[in-house]
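Data from final-v8.pdb: PDB, C-alpha atoms
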MODEL        1
ATOM      1  CA  MET D   1     -78.250  95.696-123.512
ATOM      2  CA  GLN D   2     -79.883  92.756-125.262
ATOM      3  CA  GLY D   3     -79.045  89.086-125.562
ATOM      4  CA  ASN D   4     -80.342  85.567-125.970
ATOM      5  CA  ILE D   5     -79.886  82.589-123.771
ATOM      6  CA  GLY D   6     -80.824  79.031-124.610
ATOM      7  CA  ALA D   7     -80.095  75.450-123.762
ATOM      8  CA  SER D   8     -78.796  72.801-126.102
ATOM      9  CA  GLY D   9     -77.965  69.144-125.795
ATOM     10  CA  ASP D  10     -77.836  65.793-127.490
ATOM     11  CA  LEU D  11     -80.623  63.283-127.511
ATOM     12  CA  SER D  12     -79.559  59.688-127.952
ATOM     13  CA  MET D  13     -81.881  56.737-128.213
ATOM     14  CA  GLN D  14     -81.353  53.099-127.463
ATOM     15  CA  LEU D  15     -83.611  50.378-128.768
ATOM     16  CA  LEU D  16     -84.444  47.935-126.001
ATOM     17  CA  GLN D  17     -85.959  44.686-127.127
ATOM     18  CA  PRO D  18     -87.106  42.675-124.113
ATOM     19  CA  THR D  19     -86.415  38.952-123.901
ATOM     20  CA  ARG D  20     -88.515  36.509-121.949
ATOM     21  CA  PRO D  21     -87.748  32.826-121.358
ATOM     22  CA  ALA D  22     -89.633  30.093-123.164
ATOM     23  CA  PRO D  23     -92.773  28.850-121.392
ATOM     24  CA  LEU D  24     -92.023  26.394-118.579
ATOM     25  CA  LYS D  25     -94.243  23.759-120.198
ATOM     26  CA  TRP D  26     -92.179  23.911-123.398
ATOM     27  CA  ARG D  27     -88.876  23.748-121.502
ATOM     28  CA  VAL D  28     -89.965  20.694-119.522
ATOM     29  CA  LYS D  29     -91.250  18.984-122.662
ATOM     30  CA  ASN D  30     -88.052  19.649-124.604
ATOM     31  CA  THR D  31     -85.699  18.747-121.772
ATOM     32  CA  LEU D  32     -87.355  15.479-120.781
ATOM     33  CA  THR D  33     -86.557  13.690-124.011
ATOM     34  CA  PHE D  34     -84.059  10.861-124.350
ATOM     35  CA  ASP D  35     -82.033  12.679-127.011
ATOM     36  CA  TYR D  36     -81.805  15.935-125.059
ATOM     37  CA  ILE D  37     -80.747  14.169-121.860
ATOM     38  CA  MET D  38     -78.182  12.020-123.658
ATOM     39  CA  GLY D  39     -76.819  15.054-125.498
ATOM     40  CA  TRP D  40     -76.460  16.939-122.218
ATOM     41  CA  LEU D  41     -74.764  13.982-120.511
ATOM     42  CA  ALA D  42     -72.414  13.439-123.437
ATOM     43  CA  ILE D  43     -71.280  17.048-123.673
ATOM     44  CA  LYS D  44     -71.413  18.203-120.078
ATOM     45  CA  ILE D  45     -70.182  15.041-118.329
ATOM     46  CA  LEU D  46     -68.786  12.396-120.656
ATOM     47  CA  ALA D  47     -66.792  14.500-123.130
ATOM     48  CA  PRO D  48     -64.903  16.603-120.528
ATOM     49  CA  PHE D  49     -64.085  13.432-118.560
ATOM     50  CA  LEU D  50     -62.928  11.535-121.641
ATOM     51  CA  LEU D  51     -60.812  14.439-122.825
ATOM     52  CA  LYS D  52     -59.202  14.789-119.401
ATOM     53  CA  MET D  53     -58.430  11.069-119.378
ATOM     54  CA  ALA D  54     -57.151  11.288-122.957
ATOM     55  CA  ARG D  55     -54.667  13.981-121.932
ATOM     56  CA  VAL D  56     -53.473  11.986-118.942
ATOM     57  CA  LEU D  57     -53.272   8.678-120.824
ATOM     58  CA  ARG D  58     -52.137  10.314-124.088
ATOM     59  CA  LEU D  59     -55.049   8.853-126.033
ATOM     60  CA  PRO D  60     -55.672  10.093-129.586
ATOM     61  CA  LEU D  61     -59.245  11.307-129.146
ATOM     62  CA  LEU D  62     -61.069  14.079-130.989
ATOM     63  CA  VAL D  63     -64.662  15.059-130.249
ATOM     64  CA  ALA D  64     -66.969  17.172-132.417
ATOM     65  CA  TYR D  65     -70.458  18.309-131.515
ATOM     66  CA  GLY D  66     -72.987  21.015-132.287
ATOM     67  CA  GLU D  67     -75.249  23.009-129.984
ATOM     68  CA  LEU D  68     -78.338  24.787-131.268
ATOM     69  CA  SER D  69     -79.917  27.762-129.485
ATOM     70  CA  ILE D  70     -83.152  29.379-130.631
ATOM     71  CA  LYS D  71     -84.773  32.748-130.040
ATOM     72  CA  VAL D  72     -88.055  33.859-131.600
ATOM     73  CA  TRP D  73     -88.876  37.475-132.399
ATOM     74  CA  SER D  74     -92.520  38.523-132.326
ATOM     75  CA  PRO D  75     -93.022  41.892-134.043
ATOM     76  CA  THR D  76     -96.545  42.229-132.640
ATOM     77  CA  LYS D  77     -95.344  41.841-129.044
ATOM     78  CA  GLN D  78     -92.018  43.520-129.845
ATOM     79  CA  GLU D  79     -90.170  40.940-127.756
ATOM     80  CA  TRP D  80     -87.867  37.949-127.993
ATOM     81  CA  THR D  81     -88.656  34.544-126.566
ATOM     82  CA  ASP D  82     -85.472  32.725-125.629
ATOM     83  CA  PHE D  83     -85.705  28.931-125.918
ATOM     84  CA  GLY D  84     -82.053  28.470-124.930
ATOM     85  CA  ILE D  85     -80.088  25.432-126.100
ATOM     86  CA  VAL D  86     -82.739  23.255-127.723
ATOM     87  CA  ALA D  87     -80.582  20.356-128.994
ATOM     88  CA  ARG D  88     -77.038  18.971-129.052
ATOM     89  CA  ARG D  89     -77.386  16.353-131.782
ATOM     90  CA  VAL D  90     -76.262  15.374-134.409
ATOM     91  CA  ILE D  91     -73.427  15.844-136.925
ATOM     92  CA  THR D  92     -74.176  13.602-139.903
ATOM     93  CA  ASN D  93     -72.109  11.114-141.886
ATOM     94  CA  ALA D  94     -72.774  13.203-145.006
ATOM     95  CA  GLY D  95     -71.424  16.277-143.224
ATOM     96  CA  VAL D  96     -68.230  14.546-142.162
ATOM     97  CA  THR D  97     -67.663  13.245-145.704
ATOM     98  CA  PHE D  98     -68.188  16.811-146.940
ATOM     99  CA  LEU D  99     -65.462  17.973-144.543
ATOM    100  CA  ARG D 100     -63.169  15.224-145.796
ATOM    101  CA  ASP D 101     -63.813  16.295-149.373
ATOM    102  CA  ASP D 102     -62.924  19.907-148.597
ATOM    103  CA  TRP D 103     -59.648  18.669-147.121
ATOM    104  CA  ASN D 104     -59.158  16.499-150.170
ATOM    105  CA  ALA D 105     -58.085  19.238-152.604
ATOM    106  CA  SER D 106     -61.210  21.348-151.996
ATOM    107  CA  ALA D 107     -63.595  18.945-153.702
ATOM    108  CA  GLN D 108     -66.160  20.708-151.496
ATOM    109  CA  VAL D 109     -66.009  24.083-149.744
ATOM    110  CA  TYR D 110     -66.685  23.819-146.028
ATOM    111  CA  ALA D 111     -67.019  27.616-145.746
ATOM    112  CA  ASN D 112     -70.342  27.233-147.583
ATOM    113  CA  MET D 113     -71.766  25.262-144.639
ATOM    114  CA  ASN D 114     -73.560  28.371-143.399
ATOM    115  CA  PHE D 115     -77.246  28.098-144.334
ATOM    116  CA  HIS D 116     -80.023  27.471-141.813
ATOM    117  CA  GLY D 117     -83.091  25.452-142.761
ATOM    118  CA  ILE D 118     -86.075  24.644-140.548
ATOM    119  CA  GLY D 119     -88.875  22.123-140.815
ATOM    120  CA  THR D 120     -91.665  20.202-139.164
ATOM    121  CA  GLY D 121     -90.264  16.661-139.176
ATOM    122  CA  VAL D 122     -90.305  14.897-135.808
ATOM    123  CA  ALA D 123     -88.236  11.746-136.386
ATOM    124  CA  ALA D 124     -85.188  11.605-134.111
ATOM    125  CA  GLU D 125     -81.850  12.765-135.483
ATOM    126  CA  ASN D 126     -79.674  10.083-137.023
ATOM    127  CA  VAL D 127     -76.106  10.225-138.305
ATOM    128  CA  THR D 128     -77.406   8.839-141.610
ATOM    129  CA  ASP D 129     -79.749  11.836-142.168
ATOM    130  CA  THR D 130     -79.125  13.700-145.408
ATOM    131  CA  ALA D 131     -82.041  16.163-145.250
ATOM    132  CA  LEU D 132     -84.607  17.535-142.826
ATOM    133  CA  GLY D 133     -87.675  15.346-142.308
ATOM    134  CA  THR D 134     -90.130  17.901-143.714
ATOM    135  CA  GLU D 135     -88.334  21.088-144.636
ATOM    136  CA  SER D 136     -90.313  24.358-144.688
ATOM    137  CA  THR D 137     -90.318  25.931-148.134
ATOM    138  CA  THR D 138     -93.106  28.359-149.093
ATOM    139  CA  ALA D 139     -93.799  29.177-145.433
ATOM    140  CA  LEU D 140     -90.456  30.963-145.438
ATOM    141  CA  ASN D 141     -90.102  34.557-146.552
ATOM    142  CA  PRO D 142     -88.484  34.645-149.062
ATOM    143  CA  ASN D 143     -89.861  31.341-150.333
ATOM    144  CA  ASN D 144     -87.586  28.308-150.606
ATOM    145  CA  THR D 145     -84.643  30.199-149.179
ATOM    146  CA  ARG D 146     -82.647  29.194-146.126
ATOM    147  CA  ALA D 147     -81.161  31.866-143.895
ATOM    148  CA  THR D 148     -77.557  32.834-144.509
ATOM    149  CA  GLY D 149     -75.671  32.760-141.232
ATOM    150  CA  THR D 150     -73.503  35.416-139.662
ATOM    151  CA  ARG D 151     -70.285  33.618-138.716
ATOM    152  CA  THR D 152     -68.117  34.134-135.664
ATOM    153  CA  THR D 153     -65.460  32.215-133.719
ATOM    154  CA  PRO D 154     -66.485  32.260-130.024
ATOM    155  CA  ALA D 155     -63.500  30.155-128.862
ATOM    156  CA  SER D 156     -60.275  28.781-130.330
ATOM    157  CA  ASN D 157     -62.046  25.498-131.122
ATOM    158  CA  GLN D 158     -65.543  26.767-131.923
ATOM    159  CA  TRP D 159     -67.314  28.000-135.000
ATOM    160  CA  ARG D 160     -70.701  29.728-134.802
ATOM    161  CA  SER D 161     -73.363  30.696-137.308
ATOM    162  CA  VAL D 162     -76.438  32.806-136.516
ATOM    163  CA  GLY D 163     -79.263  32.720-139.047
ATOM    164  CA  THR D 164     -82.669  34.386-138.916
ATOM    165  CA  LEU D 165     -85.658  32.904-140.738
ATOM    166  CA  THR D 166     -88.941  34.795-141.132
ATOM    167  CA  VAL D 167     -92.191  32.987-141.886
ATOM    168  CA  ASP D 168     -95.315  34.191-143.690
ATOM    169  CA  ALA D 169     -97.374  31.093-142.841
ATOM    170  CA  ASP D 170     -97.822  29.282-139.535
ATOM    171  CA  VAL D 171     -95.088  26.733-138.795
ATOM    172  CA  ALA D 172     -94.834  24.315-135.847
ATOM    173  CA  CYS D 173     -91.053  24.221-136.112
ATOM    174  CA  THR D 174     -89.509  21.007-134.775
ATOM    175  CA  GLU D 175     -86.214  20.665-136.655
ATOM    176  CA  HIS D 176     -83.251  22.677-137.868
ATOM    177  CA  GLY D 177     -80.361  21.878-140.150
ATOM    178  CA  ILE D 178     -77.102  23.422-141.317
ATOM    179  CA  PHE D 179     -76.555  23.129-145.076
ATOM    180  CA  ASP D 180     -74.089  24.269-147.729
ATOM    181  CA  GLN D 181     -76.653  25.877-150.041
ATOM    182  CA  ALA D 182     -79.339  28.546-149.706
ATOM    183  CA  ALA D 183     -82.076  26.895-151.773
ATOM    184  CA  THR D 184     -84.294  24.504-149.812
ATOM    185  CA  GLY D 185     -84.557  20.858-150.775
ATOM    186  CA  GLY D 186     -80.908  20.238-151.583
ATOM    187  CA  GLY D 187     -77.322  20.578-150.459
ATOM    188  CA  THR D 188     -75.395  18.596-147.870
ATOM    189  CA  LEU D 189     -76.704  18.415-144.304
ATOM    190  CA  TRP D 190     -73.955  19.009-141.725
ATOM    191  CA  ASP D 191     -76.053  18.792-138.546
ATOM    192  CA  ARG D 192     -79.727  18.090-137.846
ATOM    193  CA  SER D 193     -81.448  19.021-134.587
ATOM    194  CA  VAL D 194     -84.923  18.008-133.412
ATOM    195  CA  PHE D 195     -86.787  19.712-130.547
ATOM    196  CA  ALA D 196     -90.268  20.287-129.111
ATOM    197  CA  ALA D 197     -92.536  22.308-131.405
ATOM    198  CA  ILE D 198     -91.931  26.052-131.509
ATOM    199  CA  ASN D 199     -94.984  27.727-133.007
ATOM    200  CA  LEU D 200     -94.245  30.511-135.471
ATOM    201  CA  VAL D 201     -97.140  32.723-136.547
ATOM    202  CA  GLY D 202     -97.091  33.789-140.176
ATOM    203  CA  ALA D 203     -99.490  36.715-139.711
ATOM    204  CA  ASN D 204     -97.172  38.437-137.201
ATOM    205  CA  PRO D 205     -94.757  37.552-138.989
ATOM    206  CA  ASP D 206     -92.489  35.778-136.469
ATOM    207  CA  SER D 207     -88.749  35.360-136.985
ATOM    208  CA  LEU D 208     -86.690  32.462-135.655
ATOM    209  CA  GLN D 209     -83.057  33.201-134.841
ATOM    210  CA  ALA D 210     -80.970  30.029-134.786
ATOM    211  CA  THR D 211     -77.498  30.068-133.226
ATOM    212  CA  TYR D 212     -75.484  26.999-134.138
ATOM    213  CA  THR D 213     -72.145  26.469-132.378
ATOM    214  CA  CYS D 214     -69.834  23.660-133.460
ATOM    215  CA  THR D 215     -67.054  22.576-131.097
ATOM    216  CA  LEU D 216     -64.026  20.568-132.223
ATOM    217  CA  THR D 217     -61.733  19.424-129.452
ATOM    218  CA  ALA D 218     -58.041  18.740-130.010
ATOM    219  CA  GLY D 219     -56.253  15.497-129.283
ATOM    220  CA  GLY D 220     -56.998  13.232-132.221
TER     221      GLY D 220
ATOM    222  CA  MET A   1    -100.762  70.388-136.899
ATOM    223  CA  SER A   2    -104.055  68.514-136.828
ATOM    224  CA  GLU A   3    -105.113  66.409-133.851
ATOM    225  CA  LYS A   4    -105.080  63.295-136.020
ATOM    226  CA  SER A   5    -101.431  63.598-136.877
ATOM    227  CA  LEU A   6    -100.479  63.685-133.184
ATOM    228  CA  LYS A   7    -101.775  60.185-132.492
ATOM    229  CA  LEU A   8     -99.102  57.671-131.623
ATOM    230  CA  LYS A   9     -98.637  54.749-133.910
ATOM    231  CA  ALA A  10     -96.847  51.579-132.811
ATOM    232  CA  MET A  11     -93.836  50.882-134.985
ATOM    233  CA  GLN A  12     -93.114  47.307-135.955
ATOM    234  CA  LEU A  13     -89.387  46.850-135.751
ATOM    235  CA  PRO A  14     -87.385  44.000-137.225
ATOM    236  CA  PRO A  15     -85.309  41.728-134.969
ATOM    237  CA  THR A  16     -81.921  43.195-134.174
ATOM    238  CA  ALA A  17     -78.859  41.678-135.773
ATOM    239  CA  PRO A  18     -76.636  39.735-133.372
ATOM    240  CA  VAL A  19     -74.112  41.946-131.594
ATOM    241  CA  THR A  20     -70.691  40.553-130.744
ATOM    242  CA  VAL A  21     -67.672  41.576-128.691
ATOM    243  CA  LYS A  22     -64.091  40.709-129.690
ATOM    244  CA  LEU A  23     -61.804  39.408-126.981
ATOM    245  CA  GLU A  24     -58.065  38.838-127.263
ATOM    246  CA  VAL A  25     -56.866  35.735-125.440
ATOM    247  CA  LEU A  26     -53.933  36.642-123.172
ATOM    248  CA  GLU A  27     -53.164  33.157-121.828
ATOM    249  CA  ASP A  28     -54.097  29.605-122.740
ATOM    250  CA  LEU A  29     -57.314  28.545-121.031
ATOM    251  CA  THR A  30     -59.392  25.345-121.128
ATOM    252  CA  ILE A  31     -62.961  25.246-119.824
ATOM    253  CA  GLY A  32     -64.504  21.784-120.186
ATOM    254  CA  THR A  33     -64.319  20.923-123.875
ATOM    255  CA  VAL A  34     -63.642  24.501-124.989
ATOM    256  CA  PHE A  35     -60.193  26.024-125.226
ATOM    257  CA  TYR A  36     -58.802  29.492-125.827
ATOM    258  CA  SER A  37     -55.307  29.838-127.265
ATOM    259  CA  GLN A  38     -53.006  32.706-126.341
ATOM    260  CA  GLY A  39     -52.914  35.322-129.100
ATOM    261  CA  ASP A  40     -56.189  34.199-130.663
ATOM    262  CA  THR A  41     -59.108  36.602-130.981
ATOM    263  CA  VAL A  42     -62.567  35.244-130.204
ATOM    264  CA  GLU A  43     -65.934  36.833-130.929
ATOM    265  CA  VAL A  44     -68.753  36.281-128.457
ATOM    266  CA  SER A  45     -72.091  37.785-127.478
ATOM    267  CA  PRO A  46     -72.031  40.608-124.901
ATOM    268  CA  GLN A  47     -73.521  38.231-122.289
ATOM    269  CA  GLU A  48     -70.812  35.613-122.924
ATOM    270  CA  ALA A  49     -68.122  38.307-122.857
ATOM    271  CA  ALA A  50     -69.367  39.556-119.495
ATOM    272  CA  LYS A  51     -69.315  35.998-118.070
ATOM    273  CA  LEU A  52     -65.800  35.293-119.365
ATOM    274  CA  ILE A  53     -64.338  38.557-118.134
ATOM    275  CA  ASP A  54     -66.111  38.238-114.799
ATOM    276  CA  LYS A  55     -64.732  34.753-114.192
ATOM    277  CA  TYR A  56     -61.436  34.774-116.128
ATOM    278  CA  GLU A  57     -60.455  38.428-116.158
ATOM    279  CA  GLU A  58     -56.703  37.793-116.482
ATOM    280  CA  TYR A  59     -57.170  35.653-119.621
ATOM    281  CA  PHE A  60     -59.026  38.121-121.835
ATOM    282  CA  GLU A  61     -58.819  41.679-123.043
ATOM    283  CA  VAL A  62     -61.639  43.447-124.839
ATOM    284  CA  GLN A  63     -60.658  44.680-128.297
ATOM    285  CA  GLU A  64     -62.006  47.844-129.880
TER     286      GLU A  64
ENDMDL
END

Is it possible to give me this structure as structure tokens?
Amino acid sequence: MQGNIGASGDLSMQLLQPTRPAPLKWRVKNTLTFDYIMGWLAIKILAPFLLKMARVLRLPLLVAYGELSIKVWSPTKQEWTDFGIVARRVITNAGVTFLRDDWNASAQVYANMNFHGIGTGVAAENVTDTALGTESTTALNPNNTRATGTRTTPASNQWRSVGTLTVDADVACTEHGIFDQAATGGGTLWDRSVFAAINLVGANPDSLQATYTCTLTAGG
Amino acid sequence: MSEKSLKLKAMQLPPTAPVTVKLEVLEDLTIGTVFYSQGDTVEVSPQEAAKLIDKYEEYFEVQE
């Protein structure tokens, strides 16, 4: 009598990409700025209180704000660095007019507001901003091209876009913007955020993943 | 197989694309400035989904 016996099975693999928090020094530096503190107070304390009062007193009040989170991928270390929410300012006048124009017989298309640009400008955000201070162009790979976001709806009054930008030159990234066109240097700026410098190394090459979440409350 | 070919080489992997989980809203819920309307479907990160379900289990159902 002859026979064979053997063992068989399935091998599955899972890719684990570790994430570590941003350095404490960076977090302290970014948090202890007037704009960051005011943004936190406005969204975490003031807005919920105002909206609660508006419901009780039947006030016509609508609030809109954006929150920007950043993670950086280092292919050499094979790990993410999570910088968390880096800024909560500011939706621009130009962006609001763009929204109005979309409503006004689609003179613009708000669905196009899905491109992520980064730069090295350090001037504080202002509602009158129409562009980044110093937008990165040839440091991006591909050159002069903003990241196209992946869109989701994380709540009934939120819209989110996640864009990943890869650099092939060193960038001390200090600003981010949401635009309606992929090519750098143009388009309408919906929201500009400024934060403490995040150093991206072109030789690695590092990738910056920006998660922008816009919240529109009801009540207006 | 030669000895050289057995040497391990570190692979450089690209960043992973964001992964999301779809949740159906079973009941109206307001948390601070954010609201969830009954019947709506929201799409969140796995970490956010875990937090929502952990804290507000009766308001959400995970969709396939």

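Here atom CA of D:Gln158 stands at a distance of 13.5 Å from atom CA of D:Leu62.
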
As a check of understanding, name the residues that the PyMOL selection byres ((chain D and resi 141-145) around 12) selects in the supplied structure, as a PyMOL selection string. chain D and resi 115-119+135-140+146-148+163-170+179+181-186+202-203+205-208

Surrounding residues of stretch 85-89 of chain D excluding itself and chain neighbours under 3 positions, 10 Å, only C-alpha atoms, as a VMD selection string: chain D and resid 27 30 to 31 35 to 40 42 to 43 65 to 71 82 92 124 to 127 175 to 176 191 to 196 210 to 214

Which residues, written as a ChimeraX atom specification, have at least one atom at most 10 Å from A:Gln38, with all atoms listed in the file counted and residues fewer than 5 positions away on the same chain left out? /D:156 /A:24-29,59-60

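Closest approach to D:Thr215 from the set D:Thr19, D:Leu50, D:Asn157, D:Pro60 is made by D:Asn157, with distances taken over all atoms listed in the file.
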
Picked residues, the PyMOL selection byres ((chain D) within 10 of (chain A)), as a PyMOL selection string: chain D and resi 15-17+43-45+47-52+63-64+72-80+150-160+162-164+166+204-209+211+215-218

From atom CA of D:Asn199 to atom CA of D:Ala172 the spacing works out at 4.4 Å

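Counting from atom CA of D:Gly177, the distance to atom CA of D:Pro18 is 27.1 Å.
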
Long-range neighbours of D:Thr188 as a ChimeraX atom specification, 7 Å cut-off, all atoms listed in the file, 5 positions minimum in chain: /D:94-95,130,179-180
